[in-house]
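First comes the structure, then the notes that go with it.
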Amino acid sequence: MSDLTPQSETPTPTTDKITQAARETIYLCNFRVSVDGEWLCLRELNDISLTPDPEPAHEDPKDPIAIERLNLMNMAKLSIKGLIESALNLGRTLDSDYAPLQQFFVVMEHCLKHGLKTKKTFLGQNKSFWGALELVEKLTPEAGEITASVKDLPGLKTPLGRGRAWLRLALMQKKLSDYMKTIINRKDLLSEFYEANALMMEEEGAVIAGLLVGLNVIDANLCMKGEDLDSQVGVIDFSMYLKDGGHSSKSAEGDGQITAILDQKNYVEELNRHLSASVNNLQAKVDALEKSNTKLTEELAVANNRIITLQEDVERVKEESSYQLESRKALRSDSAPDGQALGETRKQLKEETLLRLDVEKELEVQIGMKQEMELSMKMLEKDICEKQDALVELRHQLEDLHTINQQLTHKSQSTDASSKQKSEVIARMEDKINQMNGTVKQLETSEKHLVKQARNLNSAAGKLLQLQQ
């Protein structure tokens with residue numbers, strides 16, 4: 001791949017990493033990127049005739065800017081198609097380490113950088129697509145949340161890093177296609193940031209925005225707090241799209257089986273973690289219910305003691321009231337009652353009667369509270385029994401998952417062992433083939449020697465016959 005890249009005569013003052021990345025990136029004017037079926041083809045412009053059928057009629061087929069736009073559009077098609085197919089085959093949420101997703105962001109970054117105008121600032125010349133992406137907030141108010149989130153992210157110091165974070169957040173929100181269509185339709189605003197022949201200002205930009213609709217079927221969960229988006233080198237990896245015929249169907253099936261087993265193992269481990277967390281939560285709830293149960297038991301004992309004391313007070317009031325009635329009867333039977341003593345006795349009787357009524361009311365209230373507490377105790381006991389049954393079931397499920405996890409681990413180990421055996425058999429077969437090739441070569445050389453000897457014998461026999469005649 002590095003042989004196809006045009007090499008400069010004088011070295012540039014960059015680091016080795018950036019130099020190697022630049023050598024691996026090809027979309028310059030010396031080559032044209034085309035799509036043959038689902039594979040990528042690189043054709044040198046000197047070896048092909050550029051006819052105007054793939055390009056619009058009004059464009060010059062030898063225009064390098066038009067060729068760059070066509071190359072980027074074809075790369076975007078391949079990247080989006082490959083990302084959708086691989087994500088659907090994978091069947092789970094994509095993360096930041098997924099290689100096709102990383103390549104998609106690199107291609108989108110190249111598309112947005114194409115034809116950018118250079119702006120002069122106090123620190124020098126600046127060339128970034130972050131200013132164009134900020135237009136989305138003005139045209140679509142719901143995009144303001146993404147822009148605010150990008151500005152609040154810690155560690156982003158350059159406009160390039162903010163633009164990369166914006167692309168990732170828009171993809172997670174499944175609004176990337178809508179936002180790109182919004183800014184492409186306003187070319188009067190984009191002309192402030194892009195040249196007239198840039199990709200975002202031509203038909204290729206609208207085509208890419210339409211292709212981005214297919215990415216709405218993908219679920220992505222990208223964590224950007226630990227990534228260094230400011231200093232990443234955006235390099236297109238063409239090896240992901242070039243045709244490679246060296247892979248056999250058997251190895252592909254074996255890799256697919258290993259991937260399926262590993263996915264099942266990861267799913268079981270994740271389910272195991274969730275069940276462990278739910279078991280811990282239920283255990284904490286059971287502990288809290290037991291504490292509340294003991295507290296209610298103590299309160300119930302206190303209420304029972306209070307009821308007993310109130311009953312004793314009622315009995316005492318009854319005895320006093322009966323004593324007062326007897327004393328009243330004795331006073332009535334007395335021939336010379338004392339009026340003042342009788343009035344005091346009546347007054348004391350009324351007070352005792354009111355006190356008795358209050359005590360009876362309080363007793364009724366305490367009895368009602370006791371019944372409510374007993375009912376709540378029964379409900380708590382029932383709830384505790386249900387939680388314990390659920391806890392037992394979850395423990396059984398957890399044990400079953402442990403056994404399944406162990407089976408999957410053994411299966412993956414056996415698959416690895418079988419793949420190693422297959423690789424050893426292939427190596428032995430290759431050695432035998434090499435040995436057979438060597439023997440074939442030896443036989444060919446011996447055959448040549450025999451042919452030469454036969455020719456010599458024929459010539460000698462001819463000479464003898466001539467001499468005899």
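FYI, nothing fancy with the structure tokens labels: chains A, B, ... in order, residues from 1 per chain, ligands from 1 as they appear.
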For A:Ser412: contacts at 9 Å, only C-alpha atoms, fewer than 6 positions along chain excluded, given as a ChimeraX atom specification: /A:258,261-262
Selection: 12 Å around A:Lys318, only C-alpha atoms, excl. self and same-chain fewer than 6 positions, as a ChimeraX atom specification: /A:311-312,324-325,349,352-357,359-360
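A straight line drawn from atom CA of A:Val268 to atom CA of A:Leu401 is 6.8 Å long.
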Closest of A:Asn293, A:Ala417, A:Asn221, A:Leu169 to A:Gly144 - atom-to-atom distances counting only C-alpha atoms: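 The answer is A:Leu169, which sits nearest to A:Gly144.
The closest residue to A:Asp358, picked from A:Leu222, A:Ile426, A:Gln468, A:Leu310 and counting only C-alpha atoms, is A:Leu310.
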Surrounding residues of A:Thr93 excluding itself and chain neighbours under 3 positions, 10 Å, only C-alpha atoms, as number ranges by chain: A: 87-88, 90, 218-222
Residue among A:Gln453, A:Thr409, A:Ser414, A:Gln102 lying closest to A:Glu269, counting only C-alpha atoms: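 Under the stated criterion, the closest residue is A:Thr409.
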A:Arg306 surroundings by only C-alpha atoms, 12 Å radius, close-in-sequence under 3 positions cut, as a ChimeraX atom specification: /A:299-303,309-313,359,362-367,369-370
Expected file: the selected residues, all heavy atoms, as a tab-separated table (two decimals), in the first residue's frame:
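And here's part28.tsv as it stands now:
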chain	number	residue	atom	x	y	z
A	299	GLU	N	-42.26	-1.67	69.60
A	299	GLU	CA	-43.37	-0.73	69.78
A	299	GLU	C	-44.65	-1.44	70.22
A	299	GLU	O	-45.42	-0.91	71.03
A	299	GLU	CB	-43.61	0.04	68.48
A	299	GLU	CG	-42.47	0.99	68.11
A	299	GLU	CD	-42.73	1.69	66.81
A	299	GLU	OE1	-43.76	1.37	66.16
A	299	GLU	OE2	-41.92	2.56	66.42
A	300	LEU	N	-44.87	-2.65	69.67
A	300	LEU	CA	-46.05	-3.42	70.07
A	300	LEU	C	-45.97	-3.81	71.54
A	300	LEU	O	-46.99	-3.76	72.28
A	300	LEU	CB	-46.17	-4.66	69.19
A	300	LEU	CG	-47.38	-5.55	69.43
A	300	LEU	CD1	-48.67	-4.79	69.15
A	300	LEU	CD2	-47.32	-6.79	68.53
A	301	ALA	N	-44.79	-4.21	72.01
A	301	ALA	CA	-44.65	-4.55	73.44
A	301	ALA	C	-44.91	-3.33	74.31
A	301	ALA	O	-45.60	-3.42	75.36
A	301	ALA	CB	-43.25	-5.09	73.68
A	302	VAL	N	-44.40	-2.16	73.88
A	302	VAL	CA	-44.67	-0.94	74.65
A	302	VAL	C	-46.16	-0.63	74.69
A	302	VAL	O	-46.73	-0.23	75.73
A	302	VAL	CB	-43.86	0.23	74.06
A	302	VAL	CG1	-44.25	1.54	74.72
A	302	VAL	CG2	-42.37	-0.01	74.22
A	303	ALA	N	-46.85	-0.81	73.53
A	303	ALA	CA	-48.29	-0.55	73.48
A	303	ALA	C	-49.05	-1.51	74.38
A	303	ALA	O	-50.03	-1.12	75.04
A	303	ALA	CB	-48.78	-0.66	72.04
A	309	THR	N	-51.57	-0.99	81.74
A	309	THR	CA	-51.65	0.08	82.75
A	309	THR	C	-52.98	0.82	82.67
A	309	THR	O	-53.59	1.17	83.70
A	309	THR	CB	-50.50	1.06	82.56
A	309	THR	OG1	-50.49	1.53	81.21
A	309	THR	CG2	-49.18	0.39	82.85
A	310	LEU	N	-53.47	1.03	81.42
A	310	LEU	CA	-54.77	1.70	81.28
A	310	LEU	C	-55.91	0.84	81.83
A	310	LEU	O	-56.86	1.36	82.45
A	310	LEU	CB	-55.02	2.04	79.81
A	310	LEU	CG	-54.17	3.17	79.22
A	310	LEU	CD1	-54.40	3.30	77.74
A	310	LEU	CD2	-54.49	4.48	79.92
A	311	GLN	N	-55.83	-0.46	81.61
A	311	GLN	CA	-56.86	-1.35	82.17
A	311	GLN	C	-56.83	-1.30	83.71
A	311	GLN	O	-57.89	-1.29	84.36
A	311	GLN	CB	-56.64	-2.77	81.67
A	311	GLN	CG	-57.02	-2.96	80.20
A	311	GLN	CD	-56.72	-4.35	79.71
A	311	GLN	OE1	-56.12	-5.15	80.43
A	311	GLN	NE2	-57.15	-4.64	78.47
A	312	GLU	N	-55.62	-1.27	84.28
A	312	GLU	CA	-55.53	-1.16	85.74
A	312	GLU	C	-56.14	0.17	86.22
A	312	GLU	O	-56.84	0.20	87.26
A	312	GLU	CB	-54.07	-1.27	86.16
A	312	GLU	CG	-53.49	-2.65	85.94
A	312	GLU	CD	-52.02	-2.70	86.29
A	312	GLU	OE1	-51.45	-1.62	86.60
A	312	GLU	OE2	-51.40	-3.80	86.25
A	313	ASP	N	-55.88	1.25	85.46
A	313	ASP	CA	-56.47	2.54	85.84
A	313	ASP	C	-57.99	2.50	85.76
A	313	ASP	O	-58.70	3.07	86.62
A	313	ASP	CB	-55.94	3.65	84.92
A	313	ASP	CG	-54.47	3.91	85.14
A	313	ASP	OD1	-53.97	3.59	86.24
A	313	ASP	OD2	-53.80	4.44	84.21
A	359	VAL	N	-60.31	7.76	80.14
A	359	VAL	CA	-59.49	6.55	80.15
A	359	VAL	C	-60.06	5.50	79.20
A	359	VAL	O	-59.32	4.81	78.49
A	359	VAL	CB	-59.39	6.00	81.60
A	359	VAL	CG1	-58.76	4.62	81.60
A	359	VAL	CG2	-58.58	6.94	82.46
A	362	GLU	N	-59.14	6.50	75.60
A	362	GLU	CA	-57.74	6.23	75.34
A	362	GLU	C	-57.49	4.74	75.18
A	362	GLU	O	-56.69	4.30	74.36
A	362	GLU	CB	-56.87	6.81	76.46
A	362	GLU	CG	-55.38	6.75	76.16
A	362	GLU	CD	-54.57	7.45	77.24
A	362	GLU	OE1	-55.19	8.00	78.19
A	362	GLU	OE2	-53.33	7.43	77.12
A	363	LEU	N	-58.23	3.93	75.98
A	363	LEU	CA	-58.12	2.48	75.87
A	363	LEU	C	-58.58	2.00	74.49
A	363	LEU	O	-57.94	1.14	73.87
A	363	LEU	CB	-58.93	1.81	76.97
A	363	LEU	CG	-58.91	0.28	77.00
A	363	LEU	CD1	-57.49	-0.22	77.21
A	363	LEU	CD2	-59.83	-0.25	78.09
A	364	GLU	N	-59.69	2.57	74.00
A	364	GLU	CA	-60.17	2.20	72.66
A	364	GLU	C	-59.15	2.57	71.58
A	364	GLU	O	-58.90	1.81	70.64
A	364	GLU	CB	-61.50	2.89	72.39
A	364	GLU	CG	-62.66	2.34	73.24
A	364	GLU	CD	-63.94	3.11	72.99
A	364	GLU	OE1	-63.88	4.10	72.20
A	364	GLU	OE2	-64.98	2.74	73.55
A	365	VAL	N	-58.54	3.75	71.74
A	365	VAL	CA	-57.53	4.17	70.76
A	365	VAL	C	-56.34	3.23	70.78
A	365	VAL	O	-55.81	2.81	69.73
A	365	VAL	CB	-57.09	5.62	71.04
A	365	VAL	CG1	-55.88	5.99	70.18
A	365	VAL	CG2	-58.23	6.58	70.76
A	366	GLN	N	-55.89	2.84	71.95
A	366	GLN	CA	-54.75	1.93	72.06
A	366	GLN	C	-55.08	0.56	71.51
A	366	GLN	O	-54.24	-0.09	70.87
A	366	GLN	CB	-54.31	1.82	73.53
A	366	GLN	CG	-53.72	3.09	74.10
A	366	GLN	CD	-52.40	3.43	73.46
A	366	GLN	OE1	-51.68	2.55	72.99
A	366	GLN	NE2	-52.09	4.72	73.42
A	367	ILE	N	-56.33	0.10	71.71
A	367	ILE	CA	-56.74	-1.20	71.15
A	367	ILE	C	-56.73	-1.14	69.62
A	367	ILE	O	-56.29	-2.07	68.94
A	367	ILE	CB	-58.13	-1.60	71.69
A	367	ILE	CG1	-58.03	-1.92	73.19
A	367	ILE	CG2	-58.70	-2.78	70.92
A	367	ILE	CD1	-59.37	-2.11	73.88
A	369	MET	N	-54.88	0.87	67.76
A	369	MET	CA	-53.48	0.88	67.34
A	369	MET	C	-52.86	-0.51	67.41
A	369	MET	O	-52.07	-0.91	66.55
A	369	MET	CB	-52.69	1.85	68.22
A	369	MET	CG	-53.02	3.31	67.98
A	369	MET	SD	-52.15	4.41	69.10
A	369	MET	CE	-50.46	4.06	68.64
A	370	LYS	N	-53.23	-1.27	68.44
A	370	LYS	CA	-52.71	-2.63	68.57
A	370	LYS	C	-53.15	-3.50	67.40
A	370	LYS	O	-52.37	-4.27	66.83
A	370	LYS	CB	-53.17	-3.23	69.89
A	370	LYS	CG	-52.66	-4.64	70.12
A	370	LYS	CD	-53.16	-5.18	71.44
A	370	LYS	CE	-52.66	-6.62	71.63
A	370	LYS	NZ	-53.16	-7.20	72.89
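In this structure, atom CA of A:Thr415 sits 25.3 Å away from atom CA of A:Asp97.
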Nearby residues (only C-alpha atoms) at most 12 Å from A:Arg273, same-chain spacing under 6 positions excluded, as a list in words: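 So, after excluding close chain neighbours, the residues are Asn266, Tyr267, Val279, Asn280, Leu398, Leu401 and His402 of chain A.
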DSSP-assigned alpha helix (DSSP H) members of stretch 79-309 of chain A, reported as a ChimeraX atom specification: /A:79-90,99-113,130-133,135-139,144-152,159-173,176-184,187-190,203-211,249-309
Distance query stretch 381-383 of chain A at most 12 Å, only C-alpha atoms, self and fewer than 2 positions along chain excluded, as number ranges by chain: A: 282, 285-286, 289-290, 292-294, 296-297, 374-379, 385-390
Now that the selection is made, can you save its residues with N, CA, C and O atoms as a compact mmCIF listing (two decimals), in the first residue's frame?
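And here's again-v6.txt as it stands now:
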# COMPACT_ATOMS: atom_id res chain seq x y z
N LEU A 282 -31.93 -7.37 47.04
CA LEU A 282 -32.99 -8.05 47.79
C LEU A 282 -32.52 -8.40 49.21
O LEU A 282 -33.31 -8.32 50.17
N LYS A 285 -32.85 -5.32 51.20
CA LYS A 285 -34.25 -5.06 51.54
C LYS A 285 -34.73 -5.98 52.65
O LYS A 285 -35.47 -5.56 53.55
N VAL A 286 -34.31 -7.26 52.59
CA VAL A 286 -34.71 -8.21 53.65
C VAL A 286 -34.14 -7.77 55.00
O VAL A 286 -34.83 -7.81 56.03
N LEU A 289 -36.20 -4.90 56.22
CA LEU A 289 -37.50 -5.35 56.72
C LEU A 289 -37.37 -6.03 58.08
O LEU A 289 -38.24 -5.87 58.95
N GLU A 290 -36.28 -6.78 58.27
CA GLU A 290 -36.08 -7.42 59.58
C GLU A 290 -35.87 -6.38 60.67
O GLU A 290 -36.40 -6.49 61.79
N SER A 292 -37.02 -3.25 60.60
CA SER A 292 -38.32 -2.61 60.86
C SER A 292 -39.24 -3.54 61.63
O SER A 292 -40.04 -3.10 62.47
N ASN A 293 -39.12 -4.86 61.39
CA ASN A 293 -39.95 -5.83 62.12
C ASN A 293 -39.60 -5.82 63.61
O ASN A 293 -40.49 -5.82 64.47
N THR A 294 -38.31 -5.83 63.92
CA THR A 294 -37.91 -5.79 65.33
C THR A 294 -38.36 -4.48 66.00
O THR A 294 -38.81 -4.46 67.15
N LEU A 296 -40.98 -2.64 65.12
CA LEU A 296 -42.43 -2.71 65.35
C LEU A 296 -42.76 -3.65 66.49
O LEU A 296 -43.74 -3.42 67.24
N THR A 297 -41.99 -4.73 66.66
CA THR A 297 -42.23 -5.65 67.79
C THR A 297 -42.00 -4.92 69.12
O THR A 297 -42.79 -5.08 70.08
N GLU A 374 -50.74 -5.27 64.61
CA GLU A 374 -50.77 -6.70 64.34
C GLU A 374 -50.98 -6.99 62.86
O GLU A 374 -50.34 -7.87 62.27
N LEU A 375 -51.88 -6.19 62.21
CA LEU A 375 -52.11 -6.36 60.77
C LEU A 375 -50.84 -6.04 59.96
O LEU A 375 -50.48 -6.76 59.03
N SER A 376 -50.17 -4.95 60.34
CA SER A 376 -48.94 -4.60 59.64
C SER A 376 -47.85 -5.66 59.86
O SER A 376 -47.06 -5.96 58.96
N MET A 377 -47.80 -6.24 61.06
CA MET A 377 -46.84 -7.31 61.32
C MET A 377 -47.11 -8.53 60.42
O MET A 377 -46.18 -9.11 59.85
N LYS A 378 -48.40 -8.87 60.25
CA LYS A 378 -48.72 -9.99 59.38
C LYS A 378 -48.32 -9.71 57.93
O LYS A 378 -47.78 -10.58 57.24
N MET A 379 -48.59 -8.48 57.47
CA MET A 379 -48.22 -8.12 56.10
C MET A 379 -46.70 -8.14 55.90
O MET A 379 -46.19 -8.58 54.86
N CYS A 385 -41.57 -13.46 53.61
CA CYS A 385 -41.60 -14.81 53.05
C CYS A 385 -41.49 -14.78 51.52
O CYS A 385 -40.76 -15.57 50.91
N GLU A 386 -42.22 -13.84 50.90
CA GLU A 386 -42.14 -13.73 49.44
C GLU A 386 -40.73 -13.34 48.99
O GLU A 386 -40.20 -13.88 48.01
N LYS A 387 -40.10 -12.40 49.69
CA LYS A 387 -38.74 -11.98 49.33
C LYS A 387 -37.76 -13.13 49.49
O LYS A 387 -36.85 -13.31 48.68
N GLN A 388 -37.94 -13.92 50.56
CA GLN A 388 -37.04 -15.05 50.76
C GLN A 388 -37.21 -16.09 49.64
O GLN A 388 -36.23 -16.66 49.16
N ASP A 389 -38.48 -16.33 49.21
CA ASP A 389 -38.70 -17.27 48.10
C ASP A 389 -38.04 -16.76 46.82
O ASP A 389 -37.40 -17.53 46.08
N ALA A 390 -38.22 -15.44 46.55
CA ALA A 390 -37.58 -14.87 45.36
C ALA A 390 -36.06 -14.96 45.44
O ALA A 390 -35.37 -15.21 44.45
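Atom pair atom CA of A:Lys117 / atom CA of A:Glu192: separated by 7.9 Å.
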Residue set, stretch 87-333 of chain A restricted to strand (DSSP E), as an MDAnalysis selection string: chainID A and resid 119:121 124:126
